[in-house]
Amino acid sequence: MADDDDTFDLDQVPLAEFTERAYLDYSMYVILDRALPALGDGLKPVQRRIIYAMSELGLDAAAKFKKSARTVGDVIGKFHPHGDSACYEAMVLMAQPFSYRYPLVDGQGNWGSSDDPKSFAAMRYTEAKLTPYADVLLAELGQGTVDWVPNFDGTLDEPAMLPARLPNVLLNGTTGIAVGMATDIPPHNLREVAEACIHLLDNPRATVAELTEIVRAPDFPGGGEIITPAAELRQMYETGNGSVRLRAIYEREDGNIIVTALPFQSSGSKILEQIAQQMQAKKLPLIEDLRDESDHETPVRLVIVPRSNRVDVEQVMQHLFATTDLERNYRINLNVIGTDGLPAVKNLRTLLGEWLDFRTDTVRRRLEFRLEKVLARLHVLEGYLVAFLNIDEVIHIIRTEDKPRPVLMARFGITEVQADAILDLRLRHLARLEEMRIRGEQDELEAERKKIEQTLGSRRRLRTLVRDEIRADMERFGDERRCALVERASAQALSETELVPSEPVTVVLSSKGWVRAAKGHEVNPRELSFRSGDAYQAAARGRSNQNALFFDSTGRAYTVPAHTLPSARGLGEPLAGRLSPPDGATFAGVVMQGASSHVLLASDHGYGFVAPIAELTTKNRSGKVVLSLPAGARILPPLPVNDPEEDWVACVSSTGHLLIFPVAELPILARGKGQKMLQIPSARLKARDEIMQAFTVLGPTDDLRVYAGNRHITLKESDQEHYIGERARRGLKLPRGFQRAERMEPAGNGAAK
């Protein structure tokens, strides 16, 4: 503890300046020493330290496995003073063949699965050693090829970089998030990358476009189809930024869909869960069953069972590609720490060019290191020859002199190194044949020296050596591409109606606005039970994958998918709960979109028109105004028109006047009031003493059935001809007893009109 008289030397720095400097220091540490890979060996510091520590433990590919905890202990104790779990996870990642294209660690035990990469056992249970591929990074480590730096406590040295013989930064790729920047480098095929390096060595001015003819796309370890267009891939390699879309591979087997390869880092169980959720939500009725038949011999085998043989498998898979992890997009960001020690996003040409510079410099340092060793050995051998040629005198000097080294140096003109080598000779090496061995070794070393000096003195020879070594490693470690390249458009999810099976359905609307849907067309909607005080209003027949169009008393149209309507086994639900009609509005009718192409809209004032159904649909809950109603008028239940050129329309007034005329006489409009269908005296219409009571649409061969109370009459060919006239006529009176007609409908098949 300091005395009162002691003073402390303090630096007073503004807080803002101190904070900025501290944060920048932290940022640079994360960028350079944690998150981003080095271009030379493609490794982050923790990965490099794991590989180096395993090599120091003698855990090469030919060694026996050793507990992972031993390796992790060495790494965090000697080189990487961080958490053991983070270190072990980095080690696990390098051992997973589904995570690394060319694994660096050979694991024994539970190292996780592609379904759950985090399910690996604790490090006390697993064992590990290096793979043969790790030799690409370590083979030249002790040959003067790299710089060495002190470890965190200065007690040991560790390599600043591993002397990679291949561009591992592209082969295995990596991801990382630093402060203010990130990296996403995908794995690539070793043969393609090596060929690109060789091409760049032979053609230093090669462009990115030429290199992408060799390195066409990434190559992920799990396989799949890369569907990104070639132009986008080329753009990605030219800029260092972009994305790659990877799709699962499937095949047909006995009517089932068999998924055999999944996108990178996709989980089969999660994909099945995503599909099952859609099935449970009744959003995927085209699929009947799911099974996971994956095992040790077949890592990926997902079975999807369609509901029937009529299901379009291609359409179903397109939907699954769009809505599940069977198709994924991967962001690409070729951000690495270059040979200048600075992070930068590099294109393919720059990245391979800088790595080749690194590799060439590594080979040069290796040759210079070897040349130094050769020259030192030749120097020693020259001293040995002097000793053998003067063996008796050398022995005499050693036996008689207290300090023989300076005497030997002075007598034979040798150096201190040579004199020490002579003094260190063992007696058994004084045999006569030893001179021949020395001269033979001299000849070999001289030849090697000459070859090394020639290589170092010629850029062409050095480049050829680098190329030959890359080709040799390519032959040793290269394999075939796993990801197929198939240009396809991105998948699009099916619409809700496309996913719904097409089944006959009858939509029933009650006078109180309650709606339901009955399966089939055989049901008689008037015979269904209704709530007390409620009754049948309208019905429409169509398919379950079609939309139902409802019309309210204000002339608005609303669209509701038929498959979403409640079953007719119950009493239905109120339409007002799904839609937002104006206050006081009631629902008047319903037609099915797709069942017919047109609909006839009319008011009880006798005005109407034909509207294309496709133009009436809307997603708006508040509907769409289609029929303009005169003051005091109300809408009559709209009816479908199958053929506007062939169909007929029958109108009846509340006083029993019936008029039949061709539908073609009415205009086809998207909205409006329409034209007069039935003539009604304006005074009677104003007082509502007479209105158009009902209308119906007849096919060319339909009979007409008219209802009045519990009675009905069927008008056949001769009867209908009596009422046929031009649009907007008064019509003729129906027979006595039916002049209070309530409704009409087509019935049976009569003669053509």
# chains A, B, ... in the order shown; residues from 1 in each chain; ligands from 1
>>> residues_around(residues="segment 53-65 of chain A", least_positions_apart="4", cutoff="7 Å", atoms="only C-alpha atoms", output="number ranges by chain")
A: 49, 71, 74-75, 127-132
>>> residues_around(residues="segment 148-164 of chain A", least_positions_apart="5", cutoff="7 Å", atoms="only C-alpha atoms", output="VMD selection string")
chain A and resid 40 to 41 79 136 to 138 140 to 141 362
>>> residues_around(residues="Arg688 of chain A", least_positions_apart="6", cutoff="12 Å", atoms="only C-alpha atoms", output="number ranges by chain")
A: 604-605, 631-634, 653-655, 680-682
>>> write_last_selection(atoms="C-alpha atoms", output="compact mmCIF listing (two decimals), in the first residue's frame")
# COMPACT_ATOMS: atom_id res chain seq x y z
CA ASP A 604 -86.84 -6.18 -57.77
CA HIS A 605 -87.38 -2.98 -59.80
CA ALA A 631 -84.13 4.01 -54.37
CA GLY A 632 -86.34 1.60 -52.47
CA ALA A 633 -85.22 -1.42 -54.51
CA ARG A 634 -83.78 -4.64 -53.14
CA SER A 653 -93.78 -10.04 -61.35
CA SER A 654 -95.67 -10.08 -58.09
CA THR A 655 -98.90 -9.83 -60.11
CA ILE A 680 -93.64 -2.69 -64.48
CA PRO A 681 -95.80 0.46 -64.33
CA SER A 682 -93.78 3.13 -62.53
>>> closest_atom_pairs(of="segment 205-252 of chain A", to="segment 324-348 of chain A", cutoff="6 Å", atoms="only C-alpha atoms", output="tab-separated table")
residue	atom	partner	partner_atom	distance
A:Tyr237	CA	A:Leu348	CA	5.3
A:Glu238	CA	A:Asn347	CA	5.1
A:Thr239	CA	A:Asn347	CA	5.3
A:Gly240	CA	A:Asn347	CA	4.5
A:Asn241	CA	A:Asn333	CA	4.7
A:Gly242	CA	A:Ile332	CA	5.0
A:Ser243	CA	A:Arg331	CA	4.4
A:Val244	CA	A:Tyr330	CA	5.1
A:Arg245	CA	A:Asn329	CA	4.3
A:Leu246	CA	A:Arg328	CA	5.4
A:Arg247	CA	A:Glu327	CA	4.2
A:Ala248	CA	A:Leu326	CA	5.2
>>> write_last_selection(atoms="all heavy atoms", output="mmCIF file, in the first residue's frame")
data_model
loop_
_atom_site.group_PDB
_atom_site.id
_atom_site.type_symbol
_atom_site.label_atom_id
_atom_site.label_comp_id
_atom_site.auth_asym_id
_atom_site.auth_seq_id
_atom_site.Cartn_x
_atom_site.Cartn_y
_atom_site.Cartn_z
ATOM 1 N N TYR A 237 -18.910 -14.547 -57.619
ATOM 2 C CA TYR A 237 -17.455 -14.720 -57.585
ATOM 3 C C TYR A 237 -16.722 -13.458 -58.046
ATOM 4 O O TYR A 237 -15.569 -13.243 -57.684
ATOM 5 C CB TYR A 237 -17.041 -15.905 -58.453
ATOM 6 C CG TYR A 237 -17.336 -17.249 -57.823
ATOM 7 C CD1 TYR A 237 -18.154 -18.180 -58.452
ATOM 8 C CD2 TYR A 237 -16.800 -17.583 -56.585
ATOM 9 C CE1 TYR A 237 -18.424 -19.411 -57.862
ATOM 10 C CE2 TYR A 237 -17.062 -18.802 -55.989
ATOM 11 C CZ TYR A 237 -17.877 -19.715 -56.636
ATOM 12 O OH TYR A 237 -18.131 -20.926 -56.042
ATOM 13 N N GLU A 238 -17.386 -12.633 -58.838
ATOM 14 C CA GLU A 238 -16.750 -11.392 -59.302
ATOM 15 C C GLU A 238 -16.754 -10.316 -58.224
ATOM 16 O O GLU A 238 -15.847 -9.493 -58.164
ATOM 17 C CB GLU A 238 -17.461 -10.883 -60.556
ATOM 18 C CG GLU A 238 -17.126 -11.691 -61.805
ATOM 19 C CD GLU A 238 -17.884 -11.202 -63.022
ATOM 20 O OE1 GLU A 238 -18.831 -10.388 -62.843
ATOM 21 O OE2 GLU A 238 -17.532 -11.611 -64.134
ATOM 22 N N THR A 239 -17.774 -10.310 -57.384
ATOM 23 C CA THR A 239 -17.896 -9.270 -56.357
ATOM 24 C C THR A 239 -17.510 -9.759 -54.960
ATOM 25 O O THR A 239 -17.223 -8.950 -54.081
ATOM 26 C CB THR A 239 -19.336 -8.735 -56.308
ATOM 27 O OG1 THR A 239 -20.222 -9.811 -55.950
ATOM 28 C CG2 THR A 239 -19.745 -8.179 -57.674
ATOM 29 N N GLY A 240 -17.546 -11.067 -54.738
ATOM 30 C CA GLY A 240 -17.289 -11.598 -53.403
ATOM 31 C C GLY A 240 -18.530 -11.605 -52.530
ATOM 32 O O GLY A 240 -18.463 -11.988 -51.364
ATOM 33 N N ASN A 241 -19.652 -11.175 -53.085
ATOM 34 C CA ASN A 241 -20.920 -11.149 -52.348
ATOM 35 C C ASN A 241 -22.021 -11.741 -53.207
ATOM 36 O O ASN A 241 -22.006 -11.595 -54.433
ATOM 37 C CB ASN A 241 -21.311 -9.715 -51.962
ATOM 38 C CG ASN A 241 -20.573 -9.236 -50.732
ATOM 39 O OD1 ASN A 241 -20.730 -9.790 -49.653
ATOM 40 N ND2 ASN A 241 -19.736 -8.228 -50.903
ATOM 41 N N GLY A 242 -22.975 -12.387 -52.559
ATOM 42 C CA GLY A 242 -24.093 -12.940 -53.302
ATOM 43 C C GLY A 242 -24.809 -13.975 -52.469
ATOM 44 O O GLY A 242 -24.761 -13.950 -51.230
ATOM 45 N N SER A 243 -25.473 -14.898 -53.134
ATOM 46 C CA SER A 243 -26.180 -15.963 -52.434
ATOM 47 C C SER A 243 -26.260 -17.186 -53.322
ATOM 48 O O SER A 243 -26.162 -17.092 -54.553
ATOM 49 C CB SER A 243 -27.591 -15.505 -52.029
ATOM 50 O OG SER A 243 -28.360 -15.225 -53.181
ATOM 51 N N VAL A 244 -26.437 -18.328 -52.683
ATOM 52 C CA VAL A 244 -26.563 -19.602 -53.381
ATOM 53 C C VAL A 244 -27.805 -20.294 -52.855
ATOM 54 O O VAL A 244 -28.015 -20.356 -51.639
ATOM 55 C CB VAL A 244 -25.320 -20.494 -53.151
ATOM 56 C CG1 VAL A 244 -25.570 -21.900 -53.676
ATOM 57 C CG2 VAL A 244 -24.102 -19.898 -53.826
ATOM 58 N N ARG A 245 -28.624 -20.794 -53.771
ATOM 59 C CA ARG A 245 -29.842 -21.501 -53.376
ATOM 60 C C ARG A 245 -29.627 -22.993 -53.593
ATOM 61 O O ARG A 245 -29.293 -23.434 -54.690
ATOM 62 C CB ARG A 245 -31.042 -20.999 -54.185
ATOM 63 C CG ARG A 245 -32.372 -21.562 -53.711
ATOM 64 C CD ARG A 245 -33.523 -20.795 -54.333
ATOM 65 N NE ARG A 245 -33.655 -19.476 -53.750
ATOM 66 C CZ ARG A 245 -34.298 -19.214 -52.628
ATOM 67 N NH1 ARG A 245 -34.882 -20.183 -51.952
ATOM 68 N NH2 ARG A 245 -34.378 -17.981 -52.175
ATOM 69 N N LEU A 246 -29.830 -23.752 -52.511
ATOM 70 C CA LEU A 246 -29.587 -25.192 -52.520
ATOM 71 C C LEU A 246 -30.897 -25.921 -52.252
ATOM 72 O O LEU A 246 -31.644 -25.553 -51.341
ATOM 73 C CB LEU A 246 -28.543 -25.558 -51.461
ATOM 74 C CG LEU A 246 -28.029 -26.997 -51.444
ATOM 75 C CD1 LEU A 246 -27.319 -27.334 -52.741
ATOM 76 C CD2 LEU A 246 -27.075 -27.190 -50.260
ATOM 77 N N ARG A 247 -31.148 -26.960 -53.029
ATOM 78 C CA ARG A 247 -32.419 -27.686 -52.960
ATOM 79 C C ARG A 247 -32.162 -29.163 -52.698
ATOM 80 O O ARG A 247 -31.160 -29.730 -53.147
ATOM 81 C CB ARG A 247 -33.178 -27.510 -54.272
ATOM 82 C CG ARG A 247 -34.469 -28.262 -54.380
ATOM 83 C CD ARG A 247 -35.164 -27.982 -55.704
ATOM 84 N NE ARG A 247 -35.694 -26.627 -55.763
ATOM 85 C CZ ARG A 247 -36.396 -26.150 -56.780
ATOM 86 N NH1 ARG A 247 -36.637 -26.920 -57.835
ATOM 87 N NH2 ARG A 247 -36.857 -24.910 -56.770
ATOM 88 N N ALA A 248 -33.073 -29.788 -51.963
ATOM 89 C CA ALA A 248 -32.974 -31.221 -51.687
ATOM 90 C C ALA A 248 -33.171 -32.021 -52.975
ATOM 91 O O ALA A 248 -33.743 -31.543 -53.953
ATOM 92 C CB ALA A 248 -34.010 -31.628 -50.649
#
>>> residues_around(residues="segment 565-578 of chain A", least_positions_apart="6", cutoff="6 Å", atoms="only C-alpha atoms", output="PyMOL selection string")
chain A and resi 513-518
>>> closest_residue(among="A:Ala614, A:Ile668, A:Leu600, A:Ile275", to="Thr696 of chain A", atoms="only C-alpha atoms")
A:Leu600
>>> atom_distance(atom1="atom CA of Gln675 of chain A", atom2="atom CA of Arg541 of chain A")
27.5 Å
>>> closest_residue(among="A:His188, A:Arg727, A:Lys283, A:Arg411", to="His319 of chain A", atoms="only C-alpha atoms")
A:Lys283
>>> atom_distance(atom1="atom CA of Pro638 of chain A", atom2="atom CA of Asn524 of chain A")
18.8 Å
>>> residues_around(residues="Thr559 of chain A", least_positions_apart="2", cutoff="8 Å", atoms="only C-alpha atoms", output="ChimeraX atom specification")
/A:547-550,557,561,617-619,623
>>> closest_residue(among="A:Glu717, A:Ala35, A:Thr298, A:Gln679", to="Ala90 of chain A", atoms="only C-alpha atoms")
A:Ala35
